[in-house]
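Below is one structure, written out as structure tokens; the observations come after it.
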Amino acid sequence: MLAAAKMIHSLFLVNASGDIFLEKHWKSVVSRSVCDYFFEALERATEPENVPPVIPTPHHFLINVLRHRIYFVAVIQSEVPPLFVIEFLHRVVDTFQDYFGVCSEAAIKDNVVVVYELLEEMLDNGFPLATESNILKELIKPPTILRTVVNTITGSTNVGEQLPTGQLSVVPWRRTGVKYTNNEAYFDVVEEIDAIIDKSGSTITAEIQGVIDACVKLTGMPDLTLSFMNPRLLDDVSFHPCVRFKRWEAERILSFIPPDGNFRLLSYHVSSQNLVAIPVYVKHNISFREGSSQGRFELTLGPKQTMGKAVESVLVSSQLPRGVLNANLSPSQGTYTFDPVTKLLSWDVGKINPQKLPSLKGSVSLQTGASKPDENPTINIQFKIQQLAISGLKVNRLDMYGEKYKPFKGIKYMTKAGKFQVRT
Amino acid sequence: YILYNFQNEDLKEMLESNKESLKLEAMKRIVGLIAKGKNASELFPAVVKNVASKNIELKKLVYVYLVRYAEEQQDLALLSISTFQRALKVSPLIRASALRVLSSIRVPIIVPIMMLAIKEAATDLSPYVRKTAAHAIQKLYSLDPDQKEHLIEVIEKLLKDKSTLVAGSVVMAFEEVCPDRIDLIHKNYRKLCNLLVDVEEWGQVVIIHMLTRYARTQFVSPWREVSYCLCNNEKAFYDSEEERKVEQTKPYIMDPDHRLLLRNTKPLLQSRNTAVVMAVSQLYWHLAPKHELSIITKSLVRLLRSHREVQYVVLQNIATMSIQRKGMFEPFMKSFYVRSTDATHIKTLKLEILTNLANEANISTILREFQTYVKSQDKAFAAATIQAIGRCATNISEVTDTCLNGLVLLLSNRDETVVAESVVVIKKLLQTQPSQHSDIIKHMAKLFDNITVPMARASILWLMGEYCEHVPKIAPDVLRKMAKTFTNEEDIVKLQIVNLAAKLYLTNSKQTKLLTQYILNLGKYDQNYDIRDRTRFIRQLIVPNEKSGALSKYARRILMAPKPAPVLQSAFKDRDRFQLGTLSHTLNSQASGYLELSDWPAVAPDQSVRNVEVVEPAGAPALRKSKTAKSNEKFYSDSEEEEEEEEEGSSSEGSSSSSKSVSESESEENSDDSNKSSSSQSEKSSILIITYLPPQIMQKTLLLIIMTKYILIHIVLSISTQFFVNCMCSLLHLCVFLACQFDVVSWHVHVSLQASSPVFVPETSHELLHRMTGKGLSAQYRFTRQPCIYGNSMVSLQLTLSNSSDQALENIHISEKSSTGQNIHRFNAIGERHT
């Protein structure tokens, strides 16, 4: 009996309309008919998100992730931790995004050769080989218009000839020989509020999750430390592999040799003991009367605990009940759309002016004969607040060792709505 | 189709052009075809010619092509092998990618070449190449499982490797090839634990899973509750034995190695890689003392912020954990609240976890939350919530009544599925305490006319029948209505109508006798055989006649027996029979290749096996050359002994054909008689091996056809024994090498321009022409001891020509004159190169 081959056997990319537009096999070829089981599941699912991530078939297992309206379907033959495959597939998507700017069907088709070269480097025999962006970029240079032109003239290639230096070093995430004329290091502290607010406006659950995304363009091998004014706020953290864990444990200082370019330094969760400030409130009056084909719909938004900052890029969306035929509303600011097919109402509010609160009022018409919906729709809100970390987290200082020059440093704060829902 | 063909012709032309850019363009288009799943196999000959290209991108694309089609075009694929073998000697990146491609070409005939290349790469200076070697082990194993023993040797060697780059890959190979050989791990256990933090993330996952299995075989259980229970029981048995009691209650001391593993994996909970976090979590779940478990909770809850698919897997694992240890996740209950935007399978899992977490203290909060879910627009989810409420109601007796009342309210819900689900759940709940709830049953009877979902109708009918004594007036009326609609009902409803009729007949035959008989008659002629069967059975059971035996006396006791209430339990109960975090756990069925966790041993095996006494010199790879040479010698002599032993042990039925080929070559006339006699002692020993072949090893006949545009070489090899596969491999190496080196029409004698290293053939060569007499050209010859490709009656001779002058030599050939009537296959003139 042949031993069952481990890990990822093949990969199929399926678009929203259910066509396989790319396939890659790392071992012997698996017929694309294996995807029929996936299509069955796709058909059964009411929403694209409802396709189960793990689908067993008689001889294989299909593990899929959905991103940018593309299903990445991995074919597995035997036992493997499912998260291993899922995490890897997401890493593939991140890499595509990194290389092509967007991860869309068109971008993948346009760059099919680079995609193939990338997949070839990322997996060997179905086992991840190089997934670090810095290493991949040394092996395969991202396509740019300029490079394409130069290559066609000079006949040079996009493929590196030498083993990436990082692959062997103790800092595999950083390439060597980095040179910049302007040395800069930018850090974005981005916090997201996840909340469920009930009918009466009280908070059922609210928590803050944050990330520090960095863009570091520094020459040589800089060694950075970043410290916080109030590190105790960070309850649970996860690091980029570059962060020295022991130093954090002992001193609550982030000490690291950064990768070159963009990367996520840290994700954190703010301790749940702290009360979460809710920056917006919603006043709503949505009612349907029995027997009437009209319903009332009123929404008013207002700022709550914003620490004096403006709430911007507000977007309200709501899935109205199936019985709703159309909506006839008038916004005091911004624009709204209602899709009668998906019943999705979305209202692009923009900035909230505390003096003149934005509102959306009007009526919704129900299908004649349809009974009154049981439940009022949930309202999802997105917003942004610049220059504020809602948890109060503050970076104390950023220092660089190991290099002589003086880098330009910058830190930006931002708060966003994560999964922010208001039940009505 | 014509267009497609035309396009292929086009591509072929481009590939055969002299312009690099055209070739590259063609390869890019071909890769595009492969990506779309189109067949590009007929371009194989044109593509494979470019395998030796200097342009690295072109080369890589050819590799991509080769790996895809080599299995289909085995003969042609062999053409490229030599290129990879040569590439194995260039820069680490090229070396590694050559090995990767070589090992990905799933052509059985190259198994020996792969084996050799893997062995070589496993001792490479570059850890990157060694990592690739570890990957290649798995590929070779799946191509030819017979190589297992040799591969285990390589694995053993690589496990000792101190590079973090190699660790993950070799453990992967270990898991694949020989997961049961935990003895290989002992000596490397502490090293792996200490390296773990620095290993790349994918390797970490694999190592952690392996170490989990390892630890369960090597350490005793840290779960004191369990051992305490056991010893309490035992105490009763051994009351008199004071000593034993003392021994049993001795405090548990954790093996330092066990502690080392827990300590070194803990920081990885902070990894950004969700698979690593999950791996550590399952390690703690399966290995850590119960009171230390809580540290994984936060990290698991953090993963819930990740992608939908990650959530799905993590929630499943939390669901399993939360059944056994509510306390772990109770403080994070709110993280499992459902959002309207969650996918259905996420919602269901969250519901499952909330139900598992419910206890007296938090049930009111949870029920309030459930009330929102019941109203959800996602009706499947609303139905699942009703099931969950039912489970809470049975598990927590304080809220049973509240839940029941809530469910009764739902009966007037507008949505069919909600009502139906409520009926089903109420039915289950009522079974636990029917007497107090006759009003609910009455209420349901009233609703009956409006309910259309078959399962719900059947449930109500069953309730009517079961508790007909509580509702003596209504039940017969329901039966009357059912008699009218019987023929239009679904099958499950029909069965319950028959049931109801039977029960009423037994309890209230005065009112229902005629109705029952009518229904039984309808059932008798039903289209469904189940219903006909049931009707016949019920009739015999309840209607006494002369034929029915003793059974009908007990009809009442059979049908009206008190029935145990159904147990409502989680679908995740006992899921932890599978190791958490595995595919099998996710699917709740064993996937192929699943490795079971063993139970803790009662007594810990010897701890000292993990002690590492001798520290190996770190610069081992530097000594590689001399070492391999030594090991070769050793292997050689070992095998010789082995062969001889085997020969002694076996009967005289020596494998005829294999020994024939060798003895023939010995007895055949030679091109140079005098030289023949000067065969040295060392050659004799190899002849010994050749002649005494172990009979039990299958003979392999390999046919190798190698074609290029210019060369045609036809080799028939008759090879026996594992040992000779190696010899064959070097011969093959040579031939293919030659085929690619020279633009020569045909070859008759093996000639090598370079002292290539056929490993297991005597190295002794003899001088044919001294460079002084040859004016710069020297010639060495030696017997390759291999069957000749041109027939059994010939002997192959290897000539090594070297040019020590500084001028190019041309037109080297063997002269036509043959002195003693010998038959020599000549090779055509070669243009000498500087070597």
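Within each chain, counting starts at residue 1; across the structure tokens, chains are named A, B, ... in the order shown, with ligands numbered 1 upward in that order.
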Report task. Please identify all polymer residues within 12 Å of Val282 of chain A, counting only C-alpha atoms, omitting same-chain residues fewer than 4 positions from it, and present them as a PyMOL selection string. Result -> chain A and resi 197-202+278+286+298-304+316+352+357-360+378-381+420-424
Requested in this report: Write out as JSON, numbers by chain each polymer residue whose atoms come within 9 Å of segment 403-413 of chain A, counting only C-alpha atoms; drop sequence neighbours fewer than 3 positions from it.
Outcome: {"A": [182, 183, 184, 185, 186, 187, 188, 189, 190, 191, 218, 219, 220, 221, 222, 223, 385, 386, 387, 388, 389, 394, 395, 398, 400]}
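Computed from the coordinates, the atom CA of Gly774 of chain B to atom CA of Gln798 of chain B distance equals 18.0 Å.
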Query raised in the report: What are the residues of chain B that have an atom within 6 Å of an atom of chain A, counting only C-alpha atoms, as a PyMOL selection string?
Result: chain B and resi 35-36+57+93+142+270-272+275+309+343-344+375+581-583+591-594
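Interatomic distance, atom CA of Asp161 of chain B to atom CA of Gln218 of chain B: 22.7 Å.
The gap separating atom CA of Ile135 of chain A from atom CA of Ile56 of chain B is 17.2 Å, in Å to one decimal.
Of the listed residues (B:Ser608, B:Ser91, B:Ser104, B:Thr164), B:Ser104 comes nearest to Lys139 of chain B; the distances count only C-alpha atoms.
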Query raised in the report: Out of segment 93-293 of chain A, which residues get strand (DSSP E) from DSSP, as a VMD selection string?
Result: chain A and resid 123 to 124 127 to 128 184 to 197 203 to 217 223 to 228 234 to 239 253 to 256 261 to 270 280 to 288
With C-alpha atoms retained, could you export that selection as an mmCIF file, in the first residue's frame?
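What follows is the written file result_0.cif:
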data_model
loop_
_atom_site.group_PDB
_atom_site.id
_atom_site.type_symbol
_atom_site.label_atom_id
_atom_site.label_comp_id
_atom_site.auth_asym_id
_atom_site.auth_seq_id
_atom_site.Cartn_x
_atom_site.Cartn_y
_atom_site.Cartn_z
ATOM 1 C CA LEU A 123 4.927 24.702 -0.723
ATOM 2 C CA ASP A 124 7.240 21.769 -1.264
ATOM 3 C CA PHE A 127 4.530 21.313 3.130
ATOM 4 C CA PRO A 128 5.094 25.060 3.612
ATOM 5 C CA GLU A 184 11.763 55.869 8.237
ATOM 6 C CA ALA A 185 9.749 53.781 10.653
ATOM 7 C CA TYR A 186 5.997 54.265 10.948
ATOM 8 C CA PHE A 187 3.735 52.545 13.387
ATOM 9 C CA ASP A 188 -0.055 52.547 13.225
ATOM 10 C CA VAL A 189 -1.924 51.670 16.389
ATOM 11 C CA VAL A 190 -5.345 50.587 15.175
ATOM 12 C CA GLU A 191 -8.052 49.551 17.614
ATOM 13 C CA GLU A 192 -11.364 47.982 16.780
ATOM 14 C CA ILE A 193 -14.427 47.933 18.963
ATOM 15 C CA ASP A 194 -16.599 44.854 18.815
ATOM 16 C CA ALA A 195 -19.926 45.427 20.457
ATOM 17 C CA ILE A 196 -23.474 44.243 20.699
ATOM 18 C CA ILE A 197 -25.893 46.946 21.860
ATOM 19 C CA THR A 203 -24.181 47.347 26.029
ATOM 20 C CA ILE A 204 -24.500 43.568 26.027
ATOM 21 C CA THR A 205 -20.908 42.917 25.192
ATOM 22 C CA ALA A 206 -18.069 45.155 24.097
ATOM 23 C CA GLU A 207 -14.387 44.552 23.716
ATOM 24 C CA ILE A 208 -11.389 46.192 22.143
ATOM 25 C CA GLN A 209 -8.917 44.439 19.916
ATOM 26 C CA GLY A 210 -5.928 46.239 18.587
ATOM 27 C CA VAL A 211 -3.037 45.805 16.219
ATOM 28 C CA ILE A 212 0.167 47.658 15.619
ATOM 29 C CA ASP A 213 0.969 47.654 11.921
ATOM 30 C CA ALA A 214 4.386 48.842 10.959
ATOM 31 C CA CYS A 215 6.046 50.149 7.857
ATOM 32 C CA VAL A 216 9.764 50.069 8.453
ATOM 33 C CA LYS A 217 12.225 51.217 5.844
ATOM 34 C CA ASP A 223 17.363 46.717 16.418
ATOM 35 C CA LEU A 224 14.275 48.516 17.672
ATOM 36 C CA THR A 225 12.594 48.782 21.033
ATOM 37 C CA LEU A 226 9.132 50.138 21.552
ATOM 38 C CA SER A 227 7.693 50.784 24.988
ATOM 39 C CA PHE A 228 4.246 51.795 26.196
ATOM 40 C CA LEU A 234 -2.643 44.712 27.030
ATOM 41 C CA ASP A 235 -4.287 41.601 28.289
ATOM 42 C CA ASP A 236 -3.508 39.088 25.593
ATOM 43 C CA VAL A 237 -0.994 39.601 22.832
ATOM 44 C CA SER A 238 0.334 37.825 19.804
ATOM 45 C CA PHE A 239 3.559 38.765 18.132
ATOM 46 C CA ILE A 253 9.013 46.163 26.118
ATOM 47 C CA LEU A 254 8.790 45.194 22.475
ATOM 48 C CA SER A 255 12.297 44.493 21.283
ATOM 49 C CA PHE A 256 12.831 43.322 17.709
ATOM 50 C CA GLY A 261 8.599 46.821 4.643
ATOM 51 C CA ASN A 262 5.071 46.342 5.901
ATOM 52 C CA PHE A 263 4.251 43.870 8.628
ATOM 53 C CA ARG A 264 1.986 43.371 11.638
ATOM 54 C CA LEU A 265 4.098 43.735 14.750
ATOM 55 C CA LEU A 266 1.531 42.946 17.379
ATOM 56 C CA SER A 267 -2.112 42.106 17.904
ATOM 57 C CA TYR A 268 -3.609 42.573 21.302
ATOM 58 C CA HIS A 269 -6.754 42.320 23.295
ATOM 59 C CA VAL A 270 -7.564 44.909 25.916
ATOM 60 C CA VAL A 280 -21.691 56.313 18.960
ATOM 61 C CA TYR A 281 -25.286 55.791 19.858
ATOM 62 C CA VAL A 282 -28.268 54.994 17.673
ATOM 63 C CA LYS A 283 -31.818 56.050 18.272
ATOM 64 C CA HIS A 284 -34.133 53.893 16.297
ATOM 65 C CA ASN A 285 -37.781 53.490 15.727
ATOM 66 C CA ILE A 286 -38.574 50.681 13.361
ATOM 67 C CA SER A 287 -42.096 49.340 13.486
ATOM 68 C CA PHE A 288 -44.387 47.298 11.341
#
Query raised in the report: Could you pull the residues within 9 Å of Glu416 of chain B, counting only C-alpha atoms, minus those fewer than 2 positions along the same chain, as a list of chain:residue names?
Result: B:Asn413, B:Arg414, B:Val418, B:Val419, B:Ala420, B:Glu421, B:Ile451, B:Thr452, B:Val453
Could those selected residues go to a file with all heavy atoms, as a short mmCIF file (atom, residue, chain, number, x, y, z; two decimals), in the first residue's frame?
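Generated output (out.cif):
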data_model
loop_
_atom_site.label_atom_id
_atom_site.label_comp_id
_atom_site.auth_asym_id
_atom_site.auth_seq_id
_atom_site.Cartn_x
_atom_site.Cartn_y
_atom_site.Cartn_z
N ASN B 413 -45.99 31.19 17.32
CA ASN B 413 -45.12 31.89 16.37
C ASN B 413 -45.65 31.68 14.95
O ASN B 413 -46.28 30.68 14.64
CB ASN B 413 -43.71 31.33 16.50
CG ASN B 413 -42.68 32.18 15.80
OD1 ASN B 413 -42.71 32.30 14.58
ND2 ASN B 413 -41.80 32.78 16.57
N ARG B 414 -45.36 32.69 14.13
CA ARG B 414 -45.86 32.61 12.78
C ARG B 414 -45.06 31.62 11.92
O ARG B 414 -45.54 31.11 10.95
CB ARG B 414 -45.82 33.99 12.14
CG ARG B 414 -47.16 34.46 11.65
CD ARG B 414 -46.96 35.76 10.93
NE ARG B 414 -46.10 36.63 11.75
CZ ARG B 414 -46.58 37.58 12.55
NH1 ARG B 414 -47.85 37.79 12.63
NH2 ARG B 414 -45.77 38.34 13.25
N VAL B 418 -40.21 27.19 13.42
CA VAL B 418 -40.08 27.49 14.84
C VAL B 418 -41.12 26.70 15.63
O VAL B 418 -40.80 26.05 16.63
CB VAL B 418 -40.25 29.00 15.09
CG1 VAL B 418 -40.31 29.30 16.58
CG2 VAL B 418 -39.11 29.78 14.44
N VAL B 419 -42.34 26.72 15.16
CA VAL B 419 -43.42 26.01 15.85
C VAL B 419 -43.11 24.52 15.88
O VAL B 419 -43.18 23.87 16.93
CB VAL B 419 -44.76 26.26 15.14
CG1 VAL B 419 -45.85 25.44 15.80
CG2 VAL B 419 -45.11 27.74 15.20
N ALA B 420 -42.73 23.99 14.75
CA ALA B 420 -42.47 22.56 14.67
C ALA B 420 -41.37 22.15 15.63
O ALA B 420 -41.50 21.18 16.36
CB ALA B 420 -42.08 22.21 13.24
N GLU B 421 -40.29 22.93 15.62
CA GLU B 421 -39.17 22.61 16.50
C GLU B 421 -39.61 22.69 17.96
O GLU B 421 -39.24 21.84 18.78
CB GLU B 421 -38.02 23.59 16.22
CG GLU B 421 -36.66 23.08 16.60
CD GLU B 421 -36.21 21.89 15.78
OE1 GLU B 421 -36.52 21.85 14.57
OE2 GLU B 421 -35.57 20.99 16.36
N ILE B 451 -50.77 23.19 12.26
CA ILE B 451 -49.38 22.77 12.07
C ILE B 451 -49.30 21.82 10.89
O ILE B 451 -50.06 20.85 10.80
CB ILE B 451 -48.85 22.09 13.34
CG1 ILE B 451 -48.78 23.12 14.46
CG2 ILE B 451 -47.47 21.48 13.11
CD1 ILE B 451 -48.40 22.55 15.80
N THR B 452 -48.37 22.11 9.99
CA THR B 452 -48.28 21.25 8.81
C THR B 452 -46.98 20.45 8.76
O THR B 452 -46.87 19.50 8.00
CB THR B 452 -48.38 22.08 7.52
OG1 THR B 452 -47.41 23.12 7.60
CG2 THR B 452 -49.77 22.65 7.34
N VAL B 453 -45.99 20.86 9.53
CA VAL B 453 -44.71 20.14 9.48
C VAL B 453 -44.90 18.72 10.02
O VAL B 453 -45.35 18.54 11.14
CB VAL B 453 -43.64 20.87 10.31
CG1 VAL B 453 -42.35 20.07 10.33
CG2 VAL B 453 -43.40 22.25 9.75
#
Report summary line: Of B:Tyr554, B:Thr217, B:Tyr529, B:Ala279, the one nearest to Ala602 of chain B when counting only C-alpha atoms is B:Thr217
